[in-house]
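Coordinates as given in model.cif (mmCIF, C-alpha atoms):
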data_start
loop_
_atom_site.label_atom_id
_atom_site.label_comp_id
_atom_site.auth_asym_id
_atom_site.auth_seq_id
_atom_site.Cartn_x
_atom_site.Cartn_y
_atom_site.Cartn_z
CA MET A 17 -8.65 15.29 -0.41
CA TYR A 18 -7.26 12.14 -1.94
CA VAL A 19 -3.73 11.65 -3.19
CA LEU A 20 -3.25 9.24 -6.06
CA ILE A 21 0.31 8.21 -6.74
CA SER A 22 1.45 5.23 -8.78
CA ILE A 23 4.29 3.45 -7.05
CA PHE A 24 6.18 0.32 -7.88
CA PHE A 25 8.14 -1.29 -5.12
CA ALA A 26 10.08 -4.52 -4.84
CA ILE A 27 7.67 -7.04 -3.32
CA SER A 28 10.48 -9.57 -3.07
CA PHE A 29 12.30 -7.23 -0.67
CA SER A 30 11.08 -6.31 2.80
CA PRO A 31 9.34 -2.96 3.31
CA GLU A 32 12.45 -1.87 5.23
CA SER A 33 14.89 -2.73 2.41
CA GLN A 34 17.04 0.07 1.03
CA GLU A 35 15.09 0.10 -2.24
CA ASN A 36 11.70 0.30 -0.56
CA ALA A 37 12.95 2.77 2.07
CA GLN A 38 14.00 5.12 -0.74
CA LEU A 39 10.60 4.71 -2.37
CA PHE A 40 8.86 5.37 0.94
CA GLY A 41 10.91 8.55 1.40
CA ARG A 42 9.83 9.75 -2.04
CA LEU A 43 6.21 8.86 -1.30
CA ILE A 44 6.27 10.89 1.93
CA GLN A 45 7.71 13.86 0.02
CA GLU A 46 4.86 13.68 -2.50
CA ILE A 47 2.21 13.38 0.20
CA HIS A 48 3.65 16.33 2.14
CA HIS A 49 3.80 18.33 -1.09
CA GLU A 50 0.12 17.61 -1.77
CA PHE A 51 -0.80 18.96 1.67
CA GLY A 52 1.42 22.02 1.52
CA GLY A 53 4.11 20.70 3.85
CA ALA A 54 4.61 18.13 6.60
CA GLU A 55 3.00 20.45 9.16
CA ASN A 56 -0.29 20.36 7.20
CA CYS A 57 -0.34 16.63 6.58
CA PRO A 58 -3.07 14.89 8.60
CA TRP A 59 -0.96 11.73 9.03
CA SER A 60 2.17 11.31 11.09
CA PRO A 61 5.24 9.64 9.58
CA ALA A 62 4.51 6.58 11.76
CA VAL A 63 0.98 6.25 10.34
CA LEU A 64 2.27 6.59 6.79
CA LYS A 65 5.00 4.02 7.41
CA GLU A 66 2.48 1.52 8.80
CA ALA A 67 0.17 2.08 5.81
CA PHE A 68 3.12 1.49 3.46
CA ARG A 69 4.04 -1.70 5.34
CA ARG A 70 0.45 -2.99 5.27
CA TYR A 71 0.14 -2.24 1.56
CA HIS A 72 3.38 -4.16 0.94
CA VAL A 73 2.09 -7.16 2.92
CA SER A 74 -1.22 -7.06 1.03
CA CYS A 75 0.51 -6.97 -2.37
CA LYS A 76 2.82 -9.82 -1.38
CA ALA A 77 -0.14 -11.92 -0.21
CA LYS A 78 -1.95 -11.27 -3.50
CA GLN A 79 1.17 -12.27 -5.45
CA LYS A 80 1.28 -15.57 -3.52
CA ARG A 81 -2.46 -16.20 -4.08
CA VAL A 82 -2.11 -15.59 -7.81
CA ALA A 83 0.98 -17.82 -8.05
CA SER A 84 -0.80 -20.66 -6.23
CA GLY A 85 -4.04 -20.28 -8.21
CA GLN A 86 -6.00 -19.34 -5.09
CA ASP A 87 -6.82 -15.73 -5.94
CA GLU A 88 -10.28 -16.60 -7.24
CA ASN A 89 -11.12 -18.06 -3.83
CA HIS A 90 -10.13 -14.89 -2.01
CA ILE A 91 -13.10 -13.29 -0.27
CA ILE A 92 -13.46 -9.54 0.11
CA VAL A 93 -15.54 -8.36 3.02
CA LEU A 94 -17.45 -5.27 1.99
CA ALA A 95 -18.22 -2.34 4.26
CA GLU A 96 -21.84 -3.49 4.56
CA GLY A 97 -20.67 -6.79 5.99
CA GLU A 98 -21.44 -8.74 2.81
CA ALA A 99 -18.95 -11.02 1.16
CA GLU A 100 -18.09 -11.17 -2.51
CA ARG A 101 -15.75 -13.43 -4.42
CA THR A 102 -13.14 -11.61 -6.46
CA ARG A 103 -13.10 -12.25 -10.17
#
Go ahead and render the structure in this file as structure tokens.
Amino acid sequence: MYVLISIFFAISFSPESQENAQLFGRLIQEIHHEFGGAENCPWSPAVLKEAFRRYHVSCKAKQKRVASGQDENHIIVLAEGEAERTR
């Protein structure tokens, strides 16, 4: 089962900021709802929080690459071990 939720958080704030903490709380509610409650969710709150933090860091890094004109040079390593330049 995959959960697809569109979220918009403040990249300029830290993941722990009040704004992003409120968003994270809402995100956890939606994920728990999708799985029929927190007790049925396969991920602990700590795992979800780390995923949220990593996603924030990734988005912030992309924003910096785009602003500096370096995004085209970013290399994605594919599961097969190949490399591909983003377009």
Residues in the PyMOL selection byres ((chain A and resi 65-75) around 12), expressed as a PDB file with C-alpha atoms, in the frame of the given file:
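Once written, result.pdb looks like this:
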ATOM      1  CA  ILE A  23       4.290   3.450  -7.050  1.00  0.00           C
ATOM      2  CA  PHE A  24       6.180   0.320  -7.880  1.00  0.00           C
ATOM      3  CA  PHE A  25       8.140  -1.290  -5.120  1.00  0.00           C
ATOM      4  CA  ALA A  26      10.080  -4.520  -4.840  1.00  0.00           C
ATOM      5  CA  ILE A  27       7.670  -7.040  -3.320  1.00  0.00           C
ATOM      6  CA  SER A  28      10.480  -9.570  -3.070  1.00  0.00           C
ATOM      7  CA  PHE A  29      12.300  -7.230  -0.670  1.00  0.00           C
ATOM      8  CA  SER A  30      11.080  -6.310   2.800  1.00  0.00           C
ATOM      9  CA  PRO A  31       9.340  -2.960   3.310  1.00  0.00           C
ATOM     10  CA  GLU A  32      12.450  -1.870   5.230  1.00  0.00           C
ATOM     11  CA  SER A  33      14.890  -2.730   2.410  1.00  0.00           C
ATOM     12  CA  ASN A  36      11.700   0.300  -0.560  1.00  0.00           C
ATOM     13  CA  ALA A  37      12.950   2.770   2.070  1.00  0.00           C
ATOM     14  CA  LEU A  39      10.600   4.710  -2.370  1.00  0.00           C
ATOM     15  CA  PHE A  40       8.860   5.370   0.940  1.00  0.00           C
ATOM     16  CA  GLY A  41      10.910   8.550   1.400  1.00  0.00           C
ATOM     17  CA  ARG A  42       9.830   9.750  -2.040  1.00  0.00           C
ATOM     18  CA  LEU A  43       6.210   8.860  -1.300  1.00  0.00           C
ATOM     19  CA  ILE A  44       6.270  10.890   1.930  1.00  0.00           C
ATOM     20  CA  TRP A  59      -0.960  11.730   9.030  1.00  0.00           C
ATOM     21  CA  SER A  60       2.170  11.310  11.090  1.00  0.00           C
ATOM     22  CA  PRO A  61       5.240   9.640   9.580  1.00  0.00           C
ATOM     23  CA  ALA A  62       4.510   6.580  11.760  1.00  0.00           C
ATOM     24  CA  VAL A  63       0.980   6.250  10.340  1.00  0.00           C
ATOM     25  CA  LEU A  64       2.270   6.590   6.790  1.00  0.00           C
ATOM     26  CA  LYS A  76       2.820  -9.820  -1.380  1.00  0.00           C
ATOM     27  CA  ALA A  77      -0.140 -11.920  -0.210  1.00  0.00           C
ATOM     28  CA  LYS A  78      -1.950 -11.270  -3.500  1.00  0.00           C
ATOM     29  CA  GLN A  79       1.170 -12.270  -5.450  1.00  0.00           C
ATOM     30  CA  LYS A  80       1.280 -15.570  -3.520  1.00  0.00           C
ATOM     31  CA  ARG A  81      -2.460 -16.200  -4.080  1.00  0.00           C
ATOM     32  CA  VAL A  82      -2.110 -15.590  -7.810  1.00  0.00           C
ATOM     33  CA  ASP A  87      -6.820 -15.730  -5.940  1.00  0.00           C
TER      34      ASP A  87
END
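Counting from CA of Glu50 in chain A, the distance to CA of Glu35 in chain A is 23.0 Å.
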With all atoms of range 28-31 of chain A from the file as input, state the centre and edge lengths in Å to one decimal of the axis-aligned box that has 6 Å extra on each side, as AutoDock Vina command-line options.
--center_x 10.8 --center_y -6.3 --center_z 0.1 --size_x 15.0 --size_y 18.6 --size_z 18.4
